[in-house]
$ cat model_17.txt   # compact mmCIF, C-alpha atoms
# COMPACT_ATOMS: atom_id res chain seq x y z
CA SER J 1 -15.59 14.63 10.83
CA GLN J 2 -13.45 11.61 11.41
CA GLN J 3 -10.74 11.60 14.01
CA GLY J 4 -8.19 9.37 12.38
CA GLU J 5 -7.05 10.26 8.92
CA GLU J 6 -4.51 8.03 7.22
CA ASP J 7 -1.92 9.14 4.76
CA PRO J 8 -1.30 8.06 2.07
CA GLN J 9 -4.61 6.63 0.94
CA ALA J 10 -2.83 4.13 -1.29
CA LEU J 11 0.72 2.83 -1.31
CA SER J 12 2.36 0.43 -3.75
CA ILE J 13 5.79 -1.03 -3.05
CA GLN J 14 7.98 -3.98 -3.96
CA GLU J 15 8.46 -6.97 -1.72
CA GLY J 16 11.31 -6.39 0.69
CA GLU J 17 10.81 -2.63 0.87
CA ASN J 18 9.54 -0.83 3.95
CA ALA J 19 6.06 0.67 4.08
CA THR J 20 5.20 3.69 6.19
CA MET J 21 1.65 4.84 6.84
CA ASN J 22 0.66 7.89 8.84
CA CYS J 23 -2.38 8.73 10.87
CA SER J 24 -3.44 12.12 12.19
CA TYR J 25 -6.19 12.87 14.65
CA LYS J 26 -7.92 15.94 15.97
CA THR J 27 -8.62 15.74 19.69
CA SER J 28 -6.97 14.17 22.70
CA ILE J 29 -6.97 10.41 22.69
CA ASN J 30 -6.39 7.69 25.26
CA ASN J 31 -4.86 5.21 22.91
CA LEU J 32 -4.39 4.62 19.21
CA GLN J 33 -4.65 1.25 17.56
CA TRP J 34 -3.74 -0.04 14.13
CA TYR J 35 -5.80 -2.65 12.34
CA ARG J 36 -5.53 -4.54 9.12
CA GLN J 37 -8.33 -5.58 6.79
CA ASN J 38 -8.09 -8.07 3.95
CA SER J 39 -10.49 -7.65 1.02
CA GLY J 40 -13.46 -6.21 2.93
CA ARG J 41 -13.36 -8.87 5.61
CA GLY J 42 -13.26 -8.33 9.36
CA LEU J 43 -10.52 -6.23 10.90
CA VAL J 44 -7.60 -7.75 12.75
CA HIS J 45 -5.84 -5.93 15.55
CA LEU J 46 -2.14 -5.24 14.98
CA ILE J 47 -0.90 -3.03 17.77
CA LEU J 48 -2.10 -0.63 20.47
CA ILE J 49 -0.10 2.35 21.69
CA ARG J 50 -1.18 4.33 24.72
CA SER J 51 -1.11 8.10 24.87
CA ASN J 52 1.85 8.04 27.29
CA GLU J 53 3.93 5.81 24.99
CA ARG J 54 6.07 7.03 22.12
CA GLU J 55 7.06 3.87 20.30
CA LYS J 56 6.07 0.24 20.19
CA HIS J 57 7.28 -2.80 18.27
CA SER J 58 5.67 -6.05 17.30
CA GLY J 59 7.59 -8.32 14.95
CA ARG J 60 8.07 -6.39 11.69
CA LEU J 61 5.77 -3.62 12.86
CA ARG J 62 6.87 -0.40 14.49
CA VAL J 63 4.40 2.22 15.66
CA THR J 64 5.22 5.71 16.85
CA LEU J 65 2.96 8.24 18.50
CA ASP J 66 3.53 11.99 18.72
CA THR J 67 0.80 13.49 20.87
CA SER J 68 2.11 17.03 20.36
CA LYS J 69 1.55 16.68 16.61
CA LYS J 70 -1.48 14.43 17.06
CA SER J 71 -0.04 11.87 14.71
CA SER J 72 1.07 8.27 14.55
CA SER J 73 2.96 6.19 12.03
CA LEU J 74 3.01 2.50 11.24
CA LEU J 75 6.15 1.08 9.70
CA ILE J 76 6.17 -2.39 8.18
CA THR J 77 9.70 -3.54 7.51
CA ALA J 78 10.78 -6.04 4.87
CA SER J 79 7.30 -6.18 3.41
CA ARG J 80 5.83 -9.34 1.90
CA ALA J 81 3.11 -9.89 -0.68
CA ALA J 82 0.95 -11.21 2.18
CA ASP J 83 1.04 -7.75 3.76
CA THR J 84 -1.21 -6.49 0.96
CA ALA J 85 -4.29 -5.18 2.77
CA SER J 86 -5.95 -2.02 4.03
CA TYR J 87 -4.58 -0.55 7.24
CA PHE J 88 -6.64 1.59 9.57
CA CYS J 89 -5.80 3.64 12.60
CA PHE J 90 -8.33 3.71 15.34
CA CYS J 91 -8.57 6.29 18.13
CA MET J 92 -10.10 5.65 21.52
CA ILE J 93 -11.62 8.81 22.99
CA TYR J 94 -12.73 8.34 26.58
CA ASN J 95 -13.99 11.84 27.23
CA GLN J 96 -16.66 11.17 24.66
CA GLY J 97 -17.88 8.09 26.47
CA GLY J 98 -15.53 5.54 24.98
CA LYS J 99 -15.88 6.24 21.30
CA LEU J 100 -13.70 4.34 18.88
CA ILE J 101 -13.23 6.35 15.73
CA PHE J 102 -11.57 5.11 12.55
CA GLY J 103 -9.72 6.81 9.76
CA GLN J 104 -10.29 6.10 6.08
CA GLY J 105 -7.44 3.67 5.80
CA THR J 106 -4.38 3.14 3.64
CA GLU J 107 -4.48 0.51 0.91
CA LEU J 108 -1.12 -1.18 0.77
CA SER J 109 -0.14 -3.22 -2.24
CA VAL J 110 3.07 -5.23 -2.04
CA LYS J 111 4.22 -6.59 -5.37
CA PRO J 112 6.31 -9.76 -5.53
CA ASN U 113 -14.90 -19.26 22.24
CA ALA U 114 -16.49 -17.85 19.09
CA GLY U 115 -15.42 -14.21 19.53
CA VAL U 116 -17.76 -11.76 17.79
CA THR U 117 -20.51 -13.23 15.64
CA GLN U 118 -22.71 -11.24 13.31
CA THR U 119 -26.03 -12.46 11.97
CA PRO U 120 -26.94 -12.49 9.11
CA LYS U 121 -23.91 -12.37 6.80
CA PHE U 122 -25.87 -11.18 3.78
CA ARG U 123 -29.28 -9.60 3.30
CA VAL U 124 -31.24 -7.90 0.56
CA LEU U 125 -34.05 -5.60 1.62
CA LYS U 126 -36.63 -3.61 -0.24
CA THR U 127 -36.93 0.09 0.48
CA GLY U 128 -39.13 0.63 3.50
CA GLN U 129 -38.62 -2.81 5.01
CA SER U 130 -37.25 -3.23 8.49
CA MET U 131 -34.64 -5.59 9.87
CA THR U 132 -32.40 -6.23 12.83
CA LEU U 133 -28.74 -7.15 12.74
CA LEU U 134 -27.48 -9.14 15.68
CA CYS U 135 -24.01 -8.94 17.17
CA ALA U 136 -23.08 -11.48 19.82
CA GLN U 137 -19.83 -11.72 21.77
CA ASP U 138 -18.83 -14.37 24.27
CA MET U 139 -15.84 -12.57 25.80
CA ASN U 140 -17.71 -10.67 28.53
CA HIS U 141 -16.79 -7.38 26.89
CA GLU U 142 -18.26 -4.16 28.20
CA TYR U 143 -17.97 -2.06 25.05
CA MET U 144 -19.71 -2.85 21.79
CA TYR U 145 -19.87 -0.90 18.52
CA TRP U 146 -21.62 -0.85 15.19
CA TYR U 147 -19.87 0.55 12.12
CA ARG U 148 -20.71 0.83 8.48
CA GLN U 149 -18.06 0.66 5.79
CA ASP U 150 -18.53 2.29 2.42
CA PRO U 151 -16.01 2.64 -0.41
CA GLY U 152 -13.69 5.59 0.18
CA MET U 153 -15.30 6.37 3.55
CA GLY U 154 -13.50 4.03 5.87
CA LEU U 155 -15.47 2.78 8.86
CA ARG U 156 -17.96 5.16 10.41
CA LEU U 157 -19.35 4.67 13.88
CA ILE U 158 -23.14 4.34 13.96
CA HIS U 159 -23.88 3.62 17.63
CA TYR U 160 -22.00 2.19 20.54
CA SER U 161 -22.55 0.89 24.04
CA VAL U 162 -20.33 1.08 27.09
CA GLY U 163 -22.28 -1.48 29.07
CA GLU U 164 -25.48 -3.45 29.38
CA GLY U 165 -28.51 -1.20 29.13
CA THR U 166 -26.57 1.77 27.72
CA THR U 167 -26.30 3.08 24.17
CA ALA U 168 -24.90 6.22 22.59
CA LYS U 169 -24.86 7.83 19.17
CA GLY U 170 -21.82 7.70 16.99
CA GLU U 171 -20.96 9.66 13.86
CA VAL U 172 -23.82 8.53 11.60
CA PRO U 173 -26.76 7.42 13.79
CA ASP U 174 -29.68 8.64 11.67
CA GLY U 175 -31.95 5.89 10.40
CA TYR U 176 -30.67 3.34 12.93
CA ASN U 177 -31.61 2.26 16.42
CA VAL U 178 -29.79 -0.02 18.81
CA SER U 179 -30.41 -1.95 21.98
CA ARG U 180 -28.16 -3.66 24.53
CA LEU U 181 -30.56 -5.56 26.76
CA LYS U 182 -28.01 -8.28 27.44
CA LYS U 183 -24.31 -7.70 27.87
CA GLN U 184 -23.37 -10.19 25.18
CA ASN U 185 -25.72 -8.87 22.48
CA PHE U 186 -25.87 -5.58 20.61
CA LEU U 187 -28.71 -5.21 18.13
CA LEU U 188 -28.80 -2.76 15.23
CA GLY U 189 -32.21 -1.98 13.80
CA LEU U 190 -33.28 -0.37 10.57
CA GLU U 191 -36.91 0.68 10.89
CA SER U 192 -37.44 1.74 7.28
CA ALA U 193 -34.54 0.78 5.05
CA ALA U 194 -33.31 3.20 2.40
CA PRO U 195 -30.91 2.60 -0.53
CA SER U 196 -28.41 4.91 1.23
CA GLN U 197 -28.11 2.24 3.91
CA THR U 198 -26.62 -0.23 1.46
CA SER U 199 -23.29 -0.97 3.08
CA VAL U 200 -21.17 -3.50 4.89
CA TYR U 201 -21.86 -3.42 8.62
CA PHE U 202 -19.29 -4.41 11.20
CA CYS U 203 -19.73 -5.05 14.87
CA ALA U 204 -16.88 -4.83 17.35
CA SER U 205 -16.35 -5.24 21.06
CA ASN U 206 -13.66 -4.70 23.62
CA LEU U 207 -13.17 -5.21 27.30
CA GLY U 208 -12.64 -1.58 28.13
CA ARG U 209 -9.90 0.96 28.37
CA ASN U 210 -6.67 0.35 26.53
CA THR U 211 -7.71 -3.00 25.16
CA GLU U 212 -7.90 -4.24 21.61
CA ALA U 213 -11.19 -4.50 19.82
CA PHE U 214 -12.44 -7.67 18.18
CA PHE U 215 -14.48 -7.52 15.01
CA GLY U 216 -17.15 -9.65 13.46
CA GLN U 217 -16.88 -10.73 9.84
CA GLY U 218 -19.39 -8.20 8.61
CA THR U 219 -22.92 -8.13 7.20
CA ARG U 220 -23.37 -7.12 3.60
CA LEU U 221 -26.70 -5.34 3.30
CA THR U 222 -28.25 -4.25 0.01
CA VAL U 223 -31.37 -2.10 -0.06
CA VAL U 224 -33.13 -2.03 -3.41

$ encode --input "model_17.txt" --output "structure tokens"
Amino acid sequence: SQQGEEDPQALSIQEGENATMNCSYKTSINNLQWYRQNSGRGLVHLILIRSNEREKHSGRLRVTLDTSKKSSSLLITASRAADTASYFCFCMIYNQGGKLIFGQGTELSVKP
Amino acid sequence: NAGVTQTPKFRVLKTGQSMTLLCAQDMNHEYMYWYRQDPGMGLRLIHYSVGEGTTAKGEVPDGYNVSRLKKQNFLLGLESAAPSQTSVYFCASNLGRNTEAFFGQGTRLTVV
């Protein structure tokens, strides 16, 4: 079964609103990364948070990590139509030889 | 610096045919990965490699083989293609621990 599971699977908001996506995982991880994918194209890295970090910011993005609950959240503030994409969380598991496991993703639609 | 390049970008195979997908990276990355992406399934890890000459099974390895004879190349082989292997295949690489992964643009494979 997959490690990272995103919630919700789909999210539709208006431009200017904030979007929050959650990711849960099952075993211990070394880091968690968020990626974005436009229309089935290649994935683009957004942000990496290490297991000993609790929060990280990058521009309009804010990521939190709660290792006790095995969960992470990605917040996009002041969303734009260009933020419309699928967002995936991605768990690095070193004790399984460096596996990188993805969740199913959240499809975000931002309406102008 | 081309990043991660996948060859070919599109391919149609008949059931039972074989083919090899090539992933090449020019960033001297140690880790390389092959994923398949299917609707509603997210990205699933097929095989991965943590260094030249090493390979390991991911979540869905059956029907695929891989080789990492050179550090910069990671080959994914289908010995006898089946319609269930119709998918979009993504290759990724990263330098190692706590580093972002870089993705190729994907290979759309159809098995008829």

$ closest_residue --input "model_17.txt" --among "U:Val116, U:Pro173, U:Glu191, U:Gln197" --to "chain J" --atoms "all atoms listed in the file"
U:Val116

$ residues_around --input "model_17.txt" --residues "Leu48 (chain J)" --least-positions-apart "6" --cutoff "7 Å" --atoms "all atoms listed in the file" --output "MDAnalysis selection string"
(chainID J and resid 31:34) or (chainID U and resid 212)

$ interface_residues --input "model_17.txt" --of "chain U" --to "chain J" --cutoff "6 Å" --atoms "all atoms listed in the file" --output "list in words"
Met153, Gly154, Leu155, Phe215, Gly216 and Gln217 of chain U

$ closest_residue --input "model_17.txt" --among "U:Ala213, U:Val124, U:Leu207, U:Leu181" --to "Asn140 (chain U)" --atoms "only C-alpha atoms"
U:Leu207

$ residues_around --input "model_17.txt" --residues "region 108-112 of chain J" --least-positions-apart "6" --cutoff "6 Å" --atoms "only C-alpha atoms" --output "NGL selection string"
:J and (10-15 or 81 or 84-86)

$ residues_around --input "model_17.txt" --residues "Glu171 (chain U)" --least-positions-apart "6" --cutoff "8 Å" --atoms "only C-alpha atoms" --output "list in words"
Ser1 of chain J; Arg156, Leu157, Ile158 and His159 of chain U

$ atom_distance --input "model_17.txt" --atom1 "CA of Lys56 (chain J)" --atom2 "CA of Asp7 (chain J)"
19.5 Å

$ residues_around --input "model_17.txt" --residues "Ile76 (chain J)" --least-positions-apart "5" --cutoff "10 Å" --atoms "all atoms listed in the file" --output "list in words"
Gly16, Glu17, Asn18, Ala19, Thr20, Met21, Ser58, Gly59, Arg60, Leu61, Arg62, Val63 and Asp83 of chain J

$ residues_around --input "model_17.txt" --residues "Asn177 (chain U)" --least-positions-apart "6" --cutoff "7 Å" --atoms "only C-alpha atoms" --output "PyMOL selection string"
chain U and resi 188-190

$ closest_residue --input "model_17.txt" --among "U:Lys121, U:Lys169, U:Arg148, U:Arg209" --to "Leu134 (chain U)" --atoms "only C-alpha atoms"
U:Lys121

$ atom_distance --input "model_17.txt" --atom1 "CA of Asn38 (chain J)" --atom2 "CA of Asn210 (chain U)"
24.1 Å

$ atom_distance --input "model_17.txt" --atom1 "CA of Gly163 (chain U)" --atom2 "CA of Arg180 (chain U)"
7.7 Å

$ decode --input "model_17.txt" --residues "region 17-97 of chain J" --atoms "C-alpha atoms" --output "mmCIF file, in the first residue's frame"
data_model
loop_
_atom_site.group_PDB
_atom_site.id
_atom_site.type_symbol
_atom_site.label_atom_id
_atom_site.label_comp_id
_atom_site.auth_asym_id
_atom_site.auth_seq_id
_atom_site.Cartn_x
_atom_site.Cartn_y
_atom_site.Cartn_z
ATOM 1 C CA GLU J 17 -8.689 31.882 -1.385
ATOM 2 C CA ASN J 18 -6.286 29.638 0.484
ATOM 3 C CA ALA J 19 -5.927 25.967 -0.392
ATOM 4 C CA THR J 20 -4.938 23.334 2.145
ATOM 5 C CA MET J 21 -3.957 19.797 1.216
ATOM 6 C CA ASN J 22 -3.050 17.059 3.652
ATOM 7 C CA CYS J 23 -0.825 14.037 3.388
ATOM 8 C CA SER J 24 -0.646 11.067 5.729
ATOM 9 C CA TYR J 25 1.934 8.321 5.752
ATOM 10 C CA LYS J 26 2.391 5.017 7.485
ATOM 11 C CA THR J 27 5.981 4.407 8.551
ATOM 12 C CA SER J 28 8.889 6.526 9.686
ATOM 13 C CA ILE J 29 10.264 8.823 7.047
ATOM 14 C CA ASN J 30 13.447 10.818 6.574
ATOM 15 C CA ASN J 31 11.886 13.660 4.694
ATOM 16 C CA LEU J 32 8.665 14.571 2.952
ATOM 17 C CA GLN J 33 8.471 16.501 -0.269
ATOM 18 C CA TRP J 34 5.640 18.175 -2.134
ATOM 19 C CA TYR J 35 5.462 18.225 -5.904
ATOM 20 C CA ARG J 36 3.194 19.751 -8.459
ATOM 21 C CA GLN J 37 2.118 18.285 -11.790
ATOM 22 C CA ASN J 38 0.421 20.130 -14.619
ATOM 23 C CA SER J 39 -1.828 18.118 -16.947
ATOM 24 C CA GLY J 40 0.051 14.803 -16.803
ATOM 25 C CA ARG J 41 3.414 16.383 -17.461
ATOM 26 C CA GLY J 42 6.572 15.946 -15.413
ATOM 27 C CA LEU J 43 6.564 16.754 -11.723
ATOM 28 C CA VAL J 44 8.115 19.897 -10.328
ATOM 29 C CA HIS J 45 9.569 20.042 -6.846
ATOM 30 C CA LEU J 46 7.952 22.578 -4.501
ATOM 31 C CA ILE J 47 9.375 22.068 -1.047
ATOM 32 C CA LEU J 48 11.200 19.522 1.119
ATOM 33 C CA ILE J 49 10.750 19.225 4.867
ATOM 34 C CA ARG J 50 13.000 17.016 6.945
ATOM 35 C CA SER J 51 11.732 14.756 9.694
ATOM 36 C CA ASN J 52 13.250 17.022 12.377
ATOM 37 C CA GLU J 53 11.526 20.138 11.003
ATOM 38 C CA ARG J 54 7.994 21.222 11.841
ATOM 39 C CA GLU J 55 7.291 24.022 9.408
ATOM 40 C CA LYS J 56 8.751 25.459 6.254
ATOM 41 C CA HIS J 57 7.862 28.370 3.981
ATOM 42 C CA SER J 58 8.554 29.125 0.367
ATOM 43 C CA GLY J 59 6.829 32.140 -1.139
ATOM 44 C CA ARG J 60 3.069 31.503 -0.917
ATOM 45 C CA LEU J 61 3.633 27.934 0.222
ATOM 46 C CA ARG J 62 3.664 26.760 3.797
ATOM 47 C CA VAL J 63 4.326 23.146 4.736
ATOM 48 C CA THR J 64 3.931 21.601 8.165
ATOM 49 C CA LEU J 65 5.005 18.198 9.363
ATOM 50 C CA ASP J 66 3.696 16.342 12.412
ATOM 51 C CA THR J 67 5.710 13.164 12.834
ATOM 52 C CA SER J 68 3.644 12.058 15.842
ATOM 53 C CA LYS J 69 0.520 12.015 13.665
ATOM 54 C CA LYS J 70 2.456 10.973 10.554
ATOM 55 C CA SER J 71 0.942 13.788 8.570
ATOM 56 C CA SER J 72 1.867 16.874 6.605
ATOM 57 C CA SER J 73 -0.071 19.754 5.142
ATOM 58 C CA LEU J 74 0.563 22.090 2.241
ATOM 59 C CA LEU J 75 -1.030 25.519 2.369
ATOM 60 C CA ILE J 76 -1.131 27.722 -0.713
ATOM 61 C CA THR J 77 -2.125 31.248 0.208
ATOM 62 C CA ALA J 78 -3.829 33.756 -2.071
ATOM 63 C CA SER J 79 -4.297 31.164 -4.782
ATOM 64 C CA ARG J 80 -4.159 32.004 -8.472
ATOM 65 C CA ALA J 81 -5.655 30.311 -11.517
ATOM 66 C CA ALA J 82 -2.102 29.280 -12.441
ATOM 67 C CA ASP J 83 -1.971 27.159 -9.281
ATOM 68 C CA THR J 84 -4.436 24.746 -10.884
ATOM 69 C CA ALA J 85 -2.581 21.420 -10.938
ATOM 70 C CA SER J 86 -2.223 18.120 -9.121
ATOM 71 C CA TYR J 87 -0.186 18.151 -5.934
ATOM 72 C CA PHE J 88 1.605 15.107 -4.598
ATOM 73 C CA CYS J 89 3.387 14.367 -1.386
ATOM 74 C CA PHE J 90 6.407 12.202 -1.595
ATOM 75 C CA CYS J 91 8.031 10.294 1.275
ATOM 76 C CA MET J 92 11.679 9.320 1.423
ATOM 77 C CA ILE J 93 12.187 6.114 3.414
ATOM 78 C CA TYR J 94 15.850 5.353 3.988
ATOM 79 C CA ASN J 95 15.440 2.185 6.014
ATOM 80 C CA GLN J 96 13.982 0.612 2.912
ATOM 81 C CA GLY J 97 17.028 1.445 0.843
#
